[in-house]
Structure formats: C-alpha cells, structure tokens
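Undergrad: Here you go, coords-v8.cif (mmCIF, C-alpha atoms):
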data_run
#
loop_
_atom_site.label_atom_id
_atom_site.label_comp_id
_atom_site.auth_asym_id
_atom_site.auth_seq_id
_atom_site.Cartn_x
_atom_site.Cartn_y
_atom_site.Cartn_z
CA MET C 1 10.52 6.94 27.49
CA LYS C 2 14.11 5.77 27.77
CA ARG C 3 16.17 6.18 24.63
CA SER C 4 17.90 2.78 24.97
CA THR C 5 14.64 1.00 24.16
CA ARG C 6 15.26 -1.78 21.62
CA VAL C 7 12.65 -2.44 18.92
CA ALA C 8 12.30 -5.37 16.53
CA VAL C 9 10.40 -4.66 13.32
CA VAL C 10 9.33 -7.84 11.55
CA GLY C 11 9.20 -7.28 7.80
CA GLY C 12 11.34 -5.25 5.42
CA GLY C 13 8.60 -3.87 3.18
CA ILE C 14 7.65 -0.22 2.74
CA GLY C 15 5.91 -0.05 6.12
CA GLY C 16 8.61 -1.90 8.03
CA LEU C 17 11.46 0.17 6.59
CA THR C 18 9.61 3.44 7.20
CA ALA C 19 8.87 2.40 10.78
CA ALA C 20 12.53 1.54 11.35
CA ILE C 21 13.62 4.95 10.05
CA ALA C 22 11.04 6.79 12.15
CA LEU C 23 11.89 4.85 15.31
CA ARG C 24 15.62 5.30 14.87
CA MET C 25 15.11 9.04 14.37
CA ALA C 26 13.13 9.03 17.62
CA GLY C 27 16.18 7.65 19.41
CA PHE C 28 15.41 3.94 19.59
CA GLU C 29 17.67 1.05 18.75
CA VAL C 30 16.04 -0.80 15.86
CA VAL C 31 16.54 -4.16 14.19
CA VAL C 32 14.56 -5.17 11.09
CA LEU C 33 14.00 -8.92 10.75
CA GLU C 34 13.24 -9.90 7.14
CA ARG C 35 12.79 -13.54 6.16
CA ALA C 36 13.92 -13.06 2.54
CA ALA C 37 17.60 -13.63 1.87
CA GLU C 38 17.65 -10.46 -0.24
CA LEU C 39 15.25 -7.64 -0.92
CA GLU C 40 14.29 -8.06 -4.55
CA GLU C 41 12.77 -5.41 -6.79
CA ILE C 42 9.29 -6.89 -6.57
CA GLY C 43 6.02 -5.21 -7.36
CA ALA C 44 5.38 -2.51 -9.90
CA GLY C 45 3.92 0.95 -9.46
CA LEU C 46 2.18 2.53 -6.51
CA LEU C 47 0.55 5.81 -5.65
CA LEU C 48 2.53 7.87 -3.20
CA ALA C 49 -0.38 10.12 -2.36
CA ALA C 50 -0.12 13.53 -0.72
CA ASN C 51 -0.82 12.12 2.75
CA ALA C 52 2.15 9.74 2.43
CA GLN C 53 4.33 12.49 0.96
CA LYS C 54 3.60 14.66 3.99
CA ALA C 55 4.33 11.82 6.41
CA LEU C 56 7.67 11.06 4.74
CA GLY C 57 8.43 14.76 4.85
CA LYS C 58 8.28 14.59 8.65
CA LEU C 59 11.17 12.11 8.42
CA GLY C 60 13.27 14.54 6.41
CA LEU C 61 12.65 12.72 3.15
CA ALA C 62 10.57 15.33 1.34
CA GLU C 63 13.24 16.33 -1.17
CA ALA C 64 14.32 12.75 -1.90
CA VAL C 65 10.73 11.59 -2.28
CA GLY C 66 10.01 14.52 -4.56
CA ASN C 67 12.55 13.17 -7.02
CA LEU C 68 10.83 9.78 -7.27
CA GLY C 69 8.45 8.94 -10.08
CA THR C 70 6.22 11.55 -11.67
CA PRO C 71 3.50 13.86 -10.31
CA ALA C 72 0.14 12.14 -10.43
CA SER C 73 -2.04 13.23 -13.33
CA ALA C 74 -5.73 14.02 -13.15
CA GLY C 75 -7.79 11.41 -11.38
CA GLU C 76 -9.62 10.30 -14.50
CA ILE C 77 -12.10 7.44 -14.80
CA ARG C 78 -13.18 6.31 -18.26
CA SER C 79 -15.52 3.75 -19.72
CA TRP C 80 -13.97 0.79 -21.53
CA ARG C 81 -14.70 2.65 -24.78
CA GLY C 82 -12.73 5.70 -23.62
CA GLU C 83 -15.46 8.18 -22.62
CA VAL C 84 -14.40 10.27 -19.61
CA LEU C 85 -16.82 9.60 -16.73
CA ALA C 86 -15.04 11.61 -14.03
CA SER C 87 -11.96 13.82 -13.89
CA ILE C 88 -10.35 15.50 -10.90
CA PRO C 89 -7.43 17.84 -11.74
CA ALA C 90 -4.33 16.95 -9.73
CA SER C 91 -3.48 20.65 -9.48
CA GLU C 92 -6.72 21.35 -7.64
CA ILE C 93 -6.14 18.53 -5.16
CA GLU C 94 -2.59 19.78 -4.60
CA ARG C 95 -3.89 23.29 -3.96
CA ARG C 96 -6.40 22.04 -1.42
CA VAL C 97 -4.11 19.68 0.53
CA GLY C 98 -0.77 21.47 0.16
CA ALA C 99 1.17 18.57 -1.36
CA GLU C 100 1.24 16.67 -4.60
CA SER C 101 0.70 12.97 -5.18
CA ALA C 102 3.13 10.94 -7.29
CA ALA C 103 3.17 7.66 -9.15
CA VAL C 104 6.38 5.76 -8.34
CA HIS C 105 7.96 2.38 -8.82
CA ARG C 106 7.77 0.40 -5.60
CA ALA C 107 11.40 -0.68 -6.01
CA ASP C 108 12.54 2.95 -6.27
CA LEU C 109 10.78 3.84 -3.01
CA GLN C 110 12.16 0.75 -1.32
CA ALA C 111 15.68 1.64 -2.45
CA LEU C 112 15.31 5.18 -1.09
CA LEU C 113 14.19 3.86 2.30
CA LEU C 114 17.04 1.35 2.39
CA ARG C 115 19.59 4.07 1.72
CA GLU C 116 18.13 6.18 4.51
CA LEU C 117 18.05 3.30 6.98
CA GLY C 118 21.47 1.86 6.14
CA GLU C 119 22.51 -1.78 6.17
CA GLU C 120 23.33 -2.19 9.86
CA PRO C 121 19.77 -2.48 11.26
CA LEU C 122 18.57 -4.82 8.47
CA ARG C 123 18.92 -8.57 8.99
CA LEU C 124 18.07 -10.62 5.93
CA GLY C 125 17.24 -14.32 6.06
CA PHE C 126 15.82 -14.03 9.60
CA GLU C 127 12.46 -15.80 9.65
CA VAL C 128 10.34 -15.16 12.72
CA GLN C 129 8.53 -18.25 13.99
CA GLY C 130 6.90 -16.78 17.07
CA PHE C 131 7.46 -14.80 20.24
CA GLU C 132 7.20 -14.88 24.00
CA GLN C 133 6.69 -11.80 26.12
CA ASP C 134 6.86 -10.93 29.78
CA GLY C 135 6.69 -7.74 31.79
CA ALA C 136 10.21 -6.70 30.79
CA GLY C 137 10.26 -7.39 27.07
CA VAL C 138 9.72 -9.73 24.14
CA THR C 139 11.74 -12.72 23.03
CA VAL C 140 11.49 -13.16 19.26
CA LEU C 141 11.81 -16.81 18.22
CA LEU C 142 13.64 -17.31 14.92
CA ALA C 143 13.91 -20.23 12.52
CA GLY C 144 16.89 -22.39 13.40
CA GLY C 145 16.41 -21.93 17.13
CA SER C 146 18.01 -18.53 17.67
CA GLU C 147 16.34 -15.71 19.59
CA GLU C 148 16.26 -11.93 19.68
CA ARG C 149 15.48 -10.07 22.91
CA VAL C 150 13.83 -6.67 22.53
CA ASP C 151 11.72 -4.21 24.51
CA LEU C 152 8.91 -4.22 21.98
CA LEU C 153 7.90 -5.93 18.75
CA VAL C 154 6.26 -4.42 15.65
CA GLY C 155 4.65 -6.86 13.22
CA ALA C 156 4.96 -5.34 9.75
CA ASP C 157 4.96 -8.70 8.00
CA GLY C 158 2.14 -8.21 5.55
CA LEU C 159 -1.17 -9.75 4.60
CA ARG C 160 -0.42 -13.18 6.06
CA SER C 161 1.37 -11.89 9.12
CA LYS C 162 2.68 -14.52 11.53
CA ILE C 163 2.65 -11.94 14.31
CA ARG C 164 -1.03 -11.23 13.73
CA ALA C 165 -1.83 -14.95 13.58
CA ARG C 166 -0.16 -15.52 16.95
CA LEU C 167 -2.05 -12.58 18.46
CA PHE C 168 -5.51 -13.08 16.99
CA GLY C 169 -5.62 -16.53 15.42
CA PRO C 170 -4.89 -17.86 11.92
CA ALA C 171 -8.02 -16.62 10.13
CA ALA C 172 -7.62 -16.42 6.35
CA PRO C 173 -7.91 -13.05 4.61
CA ARG C 174 -11.06 -12.25 2.60
CA TYR C 175 -10.77 -12.78 -1.16
CA ALA C 176 -12.16 -9.73 -2.96
CA GLY C 177 -13.61 -11.78 -5.82
CA TYR C 178 -11.23 -10.50 -8.50
CA THR C 179 -7.64 -10.95 -9.51
CA ALA C 180 -5.11 -8.37 -10.72
CA TRP C 181 -2.27 -8.29 -13.22
CA ARG C 182 0.43 -5.66 -12.82
CA ALA C 183 3.40 -4.72 -14.94
CA VAL C 184 5.71 -1.96 -16.12
CA ALA C 185 6.01 -1.23 -19.82
CA LYS C 186 9.53 0.12 -20.27
CA SER C 187 8.73 1.41 -23.75
CA GLY C 188 5.25 2.66 -22.90
CA GLN C 189 6.01 6.39 -22.87
CA ASP C 190 5.21 6.70 -26.57
CA LEU C 191 1.78 5.16 -25.97
CA LEU C 192 0.70 7.36 -23.05
CA ALA C 193 1.04 11.13 -23.20
CA TRP C 194 3.27 12.57 -20.49
CA GLY C 195 1.28 13.73 -17.49
CA SER C 196 -1.73 11.65 -18.40
CA GLY C 197 -3.12 8.54 -16.77
CA PHE C 198 -6.49 6.95 -16.25
CA GLU C 199 -8.53 4.07 -14.90
CA SER C 200 -11.11 2.54 -17.23
CA TRP C 201 -14.11 0.50 -16.08
CA GLY C 202 -15.80 -2.25 -18.05
CA ARG C 203 -17.97 -5.23 -17.13
CA GLY C 204 -16.21 -7.18 -14.40
CA GLN C 205 -12.82 -5.82 -15.37
CA ARG C 206 -10.78 -2.63 -15.16
CA PHE C 207 -7.53 -1.21 -16.51
CA GLY C 208 -5.40 1.65 -15.21
CA CYS C 209 -2.04 3.19 -16.05
CA ALA C 210 0.34 6.03 -15.14
CA HIS C 211 3.89 7.21 -15.79
CA ILE C 212 6.36 6.32 -13.01
CA GLY C 213 9.50 8.01 -14.30
CA LYS C 214 12.50 6.95 -16.41
CA GLY C 215 10.29 6.40 -19.43
CA ARG C 216 8.28 3.67 -17.70
CA VAL C 217 4.51 3.24 -17.61
CA TYR C 218 2.92 1.22 -14.82
CA TRP C 219 -0.33 -0.52 -15.65
CA PHE C 220 -2.73 -2.86 -13.92
CA ALA C 221 -5.71 -4.90 -15.01
CA THR C 222 -8.42 -6.65 -12.99
CA ARG C 223 -10.97 -9.33 -13.74
CA ASN C 224 -13.65 -11.12 -11.70
CA ALA C 225 -12.32 -14.63 -11.30
CA PRO C 226 -12.27 -17.64 -8.95
CA GLU C 227 -9.58 -17.56 -6.31
CA ARG C 228 -6.15 -19.05 -7.17
CA GLY C 229 -6.77 -19.05 -10.91
CA LYS C 230 -3.90 -19.44 -13.38
CA ASP C 231 -3.11 -18.14 -16.85
CA GLY C 232 -2.84 -21.17 -19.08
CA GLY C 233 -1.61 -21.61 -22.62
CA PRO C 234 1.72 -20.79 -24.27
CA GLY C 235 1.13 -17.03 -24.15
CA GLY C 236 0.51 -16.96 -20.41
CA ALA C 237 -0.85 -13.80 -18.78
CA ARG C 238 -0.04 -11.60 -21.75
CA ALA C 239 -2.16 -13.68 -24.11
CA THR C 240 -4.98 -13.81 -21.56
CA LEU C 241 -5.00 -10.03 -21.19
CA LEU C 242 -4.80 -9.35 -24.91
CA THR C 243 -7.94 -11.46 -25.29
CA LEU C 244 -9.75 -9.78 -22.38
CA PHE C 245 -8.90 -6.22 -23.45
CA ARG C 246 -8.56 -6.44 -27.23
CA GLU C 247 -11.61 -4.24 -27.87
CA TRP C 248 -10.84 -1.60 -25.25
CA HIS C 249 -9.84 1.94 -26.13
CA ARG C 250 -6.28 2.90 -26.91
CA PRO C 251 -3.70 2.57 -25.49
CA VAL C 252 -4.96 -0.34 -23.35
CA PRO C 253 -4.18 -3.24 -25.71
CA GLU C 254 -1.07 -1.45 -26.97
CA LEU C 255 0.40 -1.19 -23.45
CA ILE C 256 -0.19 -4.88 -22.87
CA GLU C 257 1.39 -5.67 -26.24
CA ALA C 258 4.43 -3.51 -25.36
CA THR C 259 5.09 -5.43 -22.13
CA ALA C 260 7.35 -8.45 -21.91
CA ARG C 261 5.43 -11.59 -20.97
CA GLU C 262 7.73 -12.34 -18.02
CA ALA C 263 7.21 -8.81 -16.65
CA ILE C 264 3.51 -9.39 -15.92
CA ARG C 265 2.65 -10.41 -12.37
CA ARG C 266 -0.71 -11.83 -11.29
CA ASP C 267 -2.05 -11.67 -7.74
CA ASP C 268 -5.44 -12.33 -6.22
CA LEU C 269 -6.63 -9.38 -4.14
CA TYR C 270 -7.53 -9.61 -0.45
CA ASP C 271 -8.40 -7.58 2.59
CA ARG C 272 -9.52 -8.29 6.16
CA GLU C 273 -12.25 -7.02 8.41
CA PRO C 274 -10.79 -4.20 10.53
CA LEU C 275 -9.63 -5.25 13.98
CA VAL C 276 -11.89 -3.90 16.69
CA GLY C 277 -10.48 -2.49 19.92
CA ARG C 278 -6.76 -3.12 19.51
CA TRP C 279 -4.06 -4.32 17.14
CA GLY C 280 -1.74 -5.86 19.70
CA GLN C 281 -1.09 -7.14 23.18
CA GLY C 282 1.35 -5.89 25.79
CA ARG C 283 4.59 -4.88 24.10
CA ILE C 284 3.52 -6.05 20.65
CA THR C 285 1.62 -4.20 17.92
CA LEU C 286 0.96 -4.39 14.19
CA LEU C 287 1.56 -2.01 11.31
CA GLY C 288 0.54 -1.72 7.66
CA ASP C 289 -0.95 -4.75 5.93
CA ALA C 290 -0.43 -6.86 9.03
CA ALA C 291 -2.93 -4.62 10.83
CA HIS C 292 -5.28 -3.45 8.07
CA PRO C 293 -4.78 -5.07 4.65
CA MET C 294 -6.88 -3.37 2.01
CA THR C 295 -7.66 -3.72 -1.67
CA PRO C 296 -5.75 -1.27 -3.87
CA ASN C 297 -8.75 0.66 -5.15
CA LEU C 298 -7.78 3.88 -3.34
CA GLY C 299 -4.03 3.41 -3.79
CA GLN C 300 -3.63 3.71 -0.02
CA GLY C 301 -2.02 0.45 1.11
CA ALA C 302 1.57 1.72 1.30
CA CYS C 303 0.37 5.21 2.22
CA GLN C 304 -1.44 3.99 5.32
CA ALA C 305 1.58 1.93 6.39
CA ILE C 306 3.73 5.08 6.12
CA GLU C 307 1.23 7.03 8.22
CA ASP C 308 1.27 4.19 10.78
CA ALA C 309 5.05 4.37 11.03
CA VAL C 310 5.15 8.11 11.77
CA VAL C 311 2.36 7.92 14.38
CA LEU C 312 3.91 4.87 16.07
CA ALA C 313 7.27 6.59 16.49
CA ARG C 314 5.59 9.72 17.81
CA CYS C 315 3.57 7.82 20.41
CA LEU C 316 6.64 6.01 21.65
CA ARG C 317 8.74 9.18 21.70
CA GLU C 318 6.26 11.58 23.28
CA PRO C 319 4.54 10.81 26.60
CA ASP C 320 0.82 11.19 27.00
CA GLU C 321 -0.77 14.31 28.51
CA ALA C 322 -0.10 13.01 32.01
CA GLY C 323 3.61 12.91 31.17
CA ARG C 324 4.00 9.24 32.09
CA GLU C 325 3.28 6.23 29.93
CA SER C 326 4.45 2.62 29.70
CA ILE C 327 5.39 0.94 26.40
CA PRO C 328 2.10 -1.02 26.29
CA ASP C 329 0.14 2.18 26.96
CA ALA C 330 1.98 4.00 24.15
CA LEU C 331 1.25 1.16 21.73
CA ARG C 332 -2.44 1.14 22.61
CA ARG C 333 -2.53 4.92 22.08
CA TYR C 334 -0.97 4.46 18.64
CA GLU C 335 -3.62 1.86 17.80
CA ARG C 336 -6.45 4.12 18.92
CA LEU C 337 -5.13 6.99 16.83
CA ARG C 338 -4.94 4.85 13.70
CA ALA C 339 -7.83 2.41 13.97
CA ALA C 340 -10.76 4.55 12.81
CA ARG C 341 -9.01 6.06 9.78
CA THR C 342 -7.60 2.78 8.49
CA ALA C 343 -10.91 0.94 9.04
CA LYS C 344 -12.74 3.60 7.03
CA ILE C 345 -10.28 3.33 4.16
CA VAL C 346 -10.45 -0.48 4.15
CA LYS C 347 -14.24 -0.31 3.79
CA GLN C 348 -14.20 2.52 1.27
CA SER C 349 -11.67 0.73 -0.90
CA ARG C 350 -13.74 -2.45 -0.74
CA ARG C 351 -16.86 -0.54 -1.77
CA ILE C 352 -15.14 1.08 -4.77
CA GLY C 353 -13.90 -2.32 -5.86
CA ARG C 354 -17.39 -3.79 -5.79
CA ILE C 355 -18.74 -0.92 -7.89
CA GLY C 356 -15.84 -1.01 -10.34
CA GLN C 357 -16.13 -4.77 -10.78
CA LEU C 358 -19.86 -4.83 -11.52
CA GLU C 359 -20.61 -7.26 -14.32
CA ASN C 360 -24.34 -6.93 -15.00
CA PRO C 361 -24.76 -4.83 -18.20
CA LEU C 362 -27.68 -2.81 -16.86
CA LEU C 363 -25.95 -2.08 -13.54
CA CYS C 364 -22.79 -1.07 -15.39
CA ARG C 365 -24.72 1.42 -17.52
CA LEU C 366 -26.38 2.86 -14.43
CA ARG C 367 -23.02 3.03 -12.64
CA ASP C 368 -21.37 4.90 -15.50
CA ARG C 369 -24.26 7.32 -15.81
CA ALA C 370 -24.32 7.99 -12.06
CA LEU C 371 -20.56 8.52 -11.96
CA ALA C 372 -20.74 11.09 -14.73
CA MET C 373 -23.43 13.00 -12.80
CA ILE C 374 -21.49 13.42 -9.53
CA PRO C 375 -20.62 17.14 -9.13
CA SER C 376 -16.90 17.90 -9.26
CA ASN C 377 -16.95 19.54 -5.82
CA VAL C 378 -18.31 16.31 -4.31
CA GLN C 379 -15.59 14.27 -6.04
CA LEU C 380 -12.93 16.68 -4.79
CA LYS C 381 -14.20 16.45 -1.22
CA GLN C 382 -14.12 12.65 -1.30
CA VAL C 383 -10.53 12.59 -2.54
CA GLU C 384 -9.46 15.32 -0.13
CA GLU C 385 -10.74 13.33 2.87
CA VAL C 386 -8.32 10.55 1.97
CA VAL C 387 -5.20 12.29 0.69
CA GLY C 388 -5.52 15.53 2.65
CA HIS C 389 -4.96 13.86 6.02
CA GLU C 390 -1.85 14.86 7.94
CA VAL C 391 -0.47 12.76 10.80
#
Could you render the structure from this file as structure tokens?
TA:
Amino acid sequence: MKRSTRVAVVGGGIGGLTAAIALRMAGFEVVVLERAAELEEIGAGLLLAANAQKALGKLGLAEAVGNLGTPASAGEIRSWRGEVLASIPASEIERRVGAESAAVHRADLQALLLRELGEEPLRLGFEVQGFEQDGAGVTVLLAGGSEERVDLLVGADGLRSKIRARLFGPAAPRYAGYTAWRAVAKSGQDLLAWGSGFESWGRGQRFGCAHIGKGRVYWFATRNAPERGKDGGPGGARATLLTLFREWHRPVPELIEATAREAIRRDDLYDREPLVGRWGQGRITLLGDAAHPMTPNLGQGACQAIEDAVVLARCLREPDEAGRESIPDALRRYERLRAARTAKIVKQSRRIGRIGQLENPLLCRLRDRALAMIPSNVQLKQVEEVVGHEV
C-alpha cells in the first residue's frame, strides 16, 4: 500500500493516540482530530494488562511503559468483610504469558503516548460533525464549516461515537444497571501495603484498589443504581460512599476518607452489543470504545483499544496473502481479525459485572461460596485467555 496514504484518526484518547503512533510508524501520514481544546488529565487508574504491554512493546514503547505505574499485585477477590475468596499470584500469570501487568494512572499513559506522537499530528478543538466518502477518499466535515480530505478515516471517538452513529445509526448504549465512583488517594500508600491490591464484593456494590506509582492509590466503587443518578447533600459523593461502605473491611472506608471530595468522579457504566459482520464501510472503520465499548470488569477497555491499533496498522501496512489489497479490503480484514476477541471480552465483562453486582443475600452467599471453590488452575486459565493474547 502506498506510503503517502493520509489517515484521519478521530479522537485523542488512549486508542486514538496509539493508533496514530502505530500508523505513523507504518509509514502513513496521520492527523488526530480531537474536539477538546486541550487534553486534560481526566480519569484515574487503569490496568495495563500483559496483552496491552506486549502490543505497546511492538511500537518500541516497552521500556517507557515499564516505567509507568506499579506491577499489578495478585488478582485477589474478597468479601465485603475481608475474607479472601480467590487469589491469583501475579508472578504466576507473568510466568505463563511472558509479560507483567501494571496498574497505571490514565494521565501518565496518555502523556507517554503524546510524547511519542509529538504535537504536529494532533489538532485540538477540531470537532467532527460528519463525513462524505467516495472511491478516492473521505472528506471529514468539521464544526465551523471546514473540511479535511484523507484517504481513510478511523473513528476512535469513544462510547458515543459520532462516526459510529453515522455508520450504523444513533442507538443509545446499554446501561449496565450500576454506577461507578473513581478516584486517586494521593496519601493512600500508608493505608494499602505496597504490592497489594484487591476487589471486594458485597450486595449490589463492590470496591477495588491498587497502587499506581508516585505514592498514589487508585480506587473505585460501584453500586446498583438508576441511570443518571446524582450524589446529593453537602458532602457529595464522598459522603455517599462513606455511608455505603462504612462497615466494610479496612482500608475501604479509610481510602475514601483520605480522598479529597473534588477528586471523586462518578460515571454510569455502559456497553453495547457487539457489531456483527463489520465495524465500518468503505474507507472508514472504528477502533476502541467506538467499536466495542465494554464495562470495566476485566480491565480491558484501554487494552483492547491498544490491540486494535497495532492490528489496524499491520493490516494497512502488510498486503494480504495474494499480495494485493485495497484500503477497504485491509480495513475489513482488520475488523475480522478483531471482532471475535473483542465480542467475547464484552460479553465476559458483562457477565462478571452481573455476578459481582448481585444483591439478593442468598445468591450472594452462593456466589461467594462458589467462587472460593473454583480450582486455582481454572482461575489461571481464565485470566490467561484474556491477558495472554498477543497480536
């Protein structure tokens, strides 16, 4: 495929920036169109699992990524009282898959990707309103009436993607039935032993935490709740959470207490039914949450976007077995290579969320008992299938 091919990536998140880096390394001219006027340090922690670490390593970022965050601790699930229900040693997973997983701050990963990409390809304050395509390329329609002409378009614009809506209609995402609070406790290192971390399950609510480097502890909390709920009262989200988790084992309430009220972010959780057949049309495709938004129960949202980016660049760079392939054909090949894996993870993450958010007391007792009885080799195999994948 000709190396002068020009690509527009819509969205400057983790997936969009990784795609831009991968495509530029493959020899393409790339422009990233991001509607925000500046890329803020939004979000909190995320799992950069072994599969994502390997994918970023293929972009020459292994050493830089290795310096982010902290190695993930044992995959430990507890009851709300603190009893350990399941524990998978991180060292054993690393031995099996050949790479470690890490807990990082989303802003740190974003900053690393921005440094690698450089400022020139990134255009901030460019809101995409639509597109028109013909046999020779795609015209990207921007707010204010300007246009961008490219050879192909990658929609990496998230859960409520405008590119996806134009391709497949404006269907709303599926609300998971529970909301999530996320934050970083900057003084939490004294509350959580170094190298430890856990996720605790209660009745209709969960809490998890992990070190993410620089003395910071990332934590999240979930609760079954109506969609678009708000935290009322003078104490806001912090007061709500202290009430919900006041009787949970240490250091759950202590981490909430140690977090500034304004540092706590609340978001309802969503996913979508996997797209069947294709993710795009002609010279247009989707990537990351625009293609396969998922609940965060496996910690694979950003990881799958990173995998997408590496596979997309490879398909566009390398011809098919026949040695000849058009841009649309290469995009459809990318979609075929990614569709089954991402669909499986969307459904698996949804299923774990439903189990973790059970509210009936009897079902919760049965769930906890069943979880404690799963053999460790079975647990290891389940984790390995997700994080052991290499693109």
Undergrad: Which value, in Å to one decimal, gives the distance between atom CA of Ala52 of chain C and atom CA of Ile264 of chain C?
TA: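 Computing the Euclidean distance for atom CA of Ala52 of chain C and atom CA of Ile264 of chain C yields 26.5 Å.
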Undergrad: What's the separation between atom CA of Gly232 of chain C and atom CA of Tyr218 of chain C, in Å to one decimal place?
TA: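 For atom CA of Gly232 of chain C relative to atom CA of Tyr218 of chain C, the distance reads 23.5 Å.
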Undergrad: From the options C:Ala156, C:Ala55, C:Leu122, C:Ala290, which residue's atoms come nearest to Pro274 of chain C, counting all atoms listed in the file?
TA: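 So, comparing all the options, the nearest one is C:Ala290.
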Undergrad: What does the distance between atom CA of Val391 of chain C and atom CA of Gly57 of chain C come to in Å, to one decimal place?
TA: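 Spanning atom CA of Val391 of chain C to atom CA of Gly57 of chain C is a straight-line distance of 10.9 Å.
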Undergrad: Fewer than 4 positions away in the same chain doesn't count, so skip those; otherwise give me all residues within 12 Å of Ile306 of chain C, counting all atoms listed in the file, as a ChimeraX atom specification.
TA: /C:13-22,48-59,109,113,156,287-289,300-302,310-313,338,342,390-391
Undergrad: Restricting the output to C-alpha atoms, write the selected residues as a short mmCIF file (atom, residue, chain, number, x, y, z; two decimals), in the frame of the given file.
TA:
data_model
loop_
_atom_site.label_atom_id
_atom_site.label_comp_id
_atom_site.auth_asym_id
_atom_site.auth_seq_id
_atom_site.Cartn_x
_atom_site.Cartn_y
_atom_site.Cartn_z
CA GLY C 13 8.60 -3.87 3.18
CA ILE C 14 7.65 -0.22 2.74
CA GLY C 15 5.91 -0.05 6.12
CA GLY C 16 8.61 -1.90 8.03
CA LEU C 17 11.46 0.17 6.59
CA THR C 18 9.61 3.44 7.20
CA ALA C 19 8.87 2.40 10.78
CA ALA C 20 12.53 1.54 11.35
CA ILE C 21 13.62 4.95 10.05
CA ALA C 22 11.04 6.79 12.15
CA LEU C 48 2.53 7.87 -3.20
CA ALA C 49 -0.38 10.12 -2.36
CA ALA C 50 -0.12 13.53 -0.72
CA ASN C 51 -0.82 12.12 2.75
CA ALA C 52 2.15 9.74 2.43
CA GLN C 53 4.33 12.49 0.96
CA LYS C 54 3.60 14.66 3.99
CA ALA C 55 4.33 11.82 6.41
CA LEU C 56 7.67 11.06 4.74
CA GLY C 57 8.43 14.76 4.85
CA LYS C 58 8.28 14.59 8.65
CA LEU C 59 11.17 12.11 8.42
CA LEU C 109 10.78 3.84 -3.01
CA LEU C 113 14.19 3.86 2.30
CA ALA C 156 4.96 -5.34 9.75
CA LEU C 287 1.56 -2.01 11.31
CA GLY C 288 0.54 -1.72 7.66
CA ASP C 289 -0.95 -4.75 5.93
CA GLN C 300 -3.63 3.71 -0.02
CA GLY C 301 -2.02 0.45 1.11
CA ALA C 302 1.57 1.72 1.30
CA VAL C 310 5.15 8.11 11.77
CA VAL C 311 2.36 7.92 14.38
CA LEU C 312 3.91 4.87 16.07
CA ALA C 313 7.27 6.59 16.49
CA ARG C 338 -4.94 4.85 13.70
CA THR C 342 -7.60 2.78 8.49
CA GLU C 390 -1.85 14.86 7.94
CA VAL C 391 -0.47 12.76 10.80
#
Undergrad: Would you write out, as a short mmCIF file (atom, residue, chain, number, x, y, z; two decimals) with C-alpha atoms, keeping the file's coordinate frame, every residue that the PyMOL selection byres ((chain C and resi 242) around 10) captures in this file?
TA:
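Once written, out07.cif looks like this:
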data_model
loop_
_atom_site.label_atom_id
_atom_site.label_comp_id
_atom_site.auth_asym_id
_atom_site.auth_seq_id
_atom_site.Cartn_x
_atom_site.Cartn_y
_atom_site.Cartn_z
CA GLY C 235 1.13 -17.03 -24.15
CA ALA C 237 -0.85 -13.80 -18.78
CA ARG C 238 -0.04 -11.60 -21.75
CA ALA C 239 -2.16 -13.68 -24.11
CA THR C 240 -4.98 -13.81 -21.56
CA LEU C 241 -5.00 -10.03 -21.19
CA THR C 243 -7.94 -11.46 -25.29
CA LEU C 244 -9.75 -9.78 -22.38
CA PHE C 245 -8.90 -6.22 -23.45
CA ARG C 246 -8.56 -6.44 -27.23
CA GLU C 247 -11.61 -4.24 -27.87
CA TRP C 248 -10.84 -1.60 -25.25
CA VAL C 252 -4.96 -0.34 -23.35
CA PRO C 253 -4.18 -3.24 -25.71
CA GLU C 254 -1.07 -1.45 -26.97
CA LEU C 255 0.40 -1.19 -23.45
CA ILE C 256 -0.19 -4.88 -22.87
CA GLU C 257 1.39 -5.67 -26.24
#
Undergrad: When the PyMOL selection byres ((chain C and resi 85) around 12) is applied to the structure above, which residues does it catch, written out as JSON, numbers by chain?
TA: {"C": [75, 76, 77, 78, 79, 80, 81, 82, 83, 84, 86, 87, 88, 198, 199, 200, 201, 202, 365, 366, 367, 368, 369, 370, 371, 372, 373, 374, 375, 376, 379]}
Undergrad: Pick from C:Glu132, C:Glu359, C:Glu318, C:Asp231: nearest to Gly282 of chain C, with only C-alpha atoms counted?
TA: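 Smallest distance to Gly282 of chain C is found for C:Glu132.
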Undergrad: Tell me, as number ranges by chain, which residues lie within 8 Å of Leu46 of chain C, counting all atoms listed in the file; anything in the same chain fewer than 5 positions away does not count.
TA: C: 103-106, 299, 302
Undergrad: Which is closest to Ala185 of chain C among C:Gly236, C:Gln205, C:Arg160, C:Arg261, if we use all atoms listed in the file?
TA: C:Arg261
Undergrad: Between C:Glu385, C:Leu275, C:Gly169, C:Gly69, single out the one closest to Gly215 of chain C, counting all atoms listed in the file.
TA: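 Of C:Glu385, C:Leu275, C:Gly169, C:Gly69, the one nearest Gly215 of chain C, counting all atoms listed in the file, is C:Gly69.
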Undergrad: Which of these residues is nearest to Gly118 of chain C, using all atoms listed in the file: C:Val31, C:Tyr175, C:Leu159, C:Ile327?
TA: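 Nearest candidate to Gly118 of chain C out of C:Val31, C:Tyr175, C:Leu159, C:Ile327: C:Val31.
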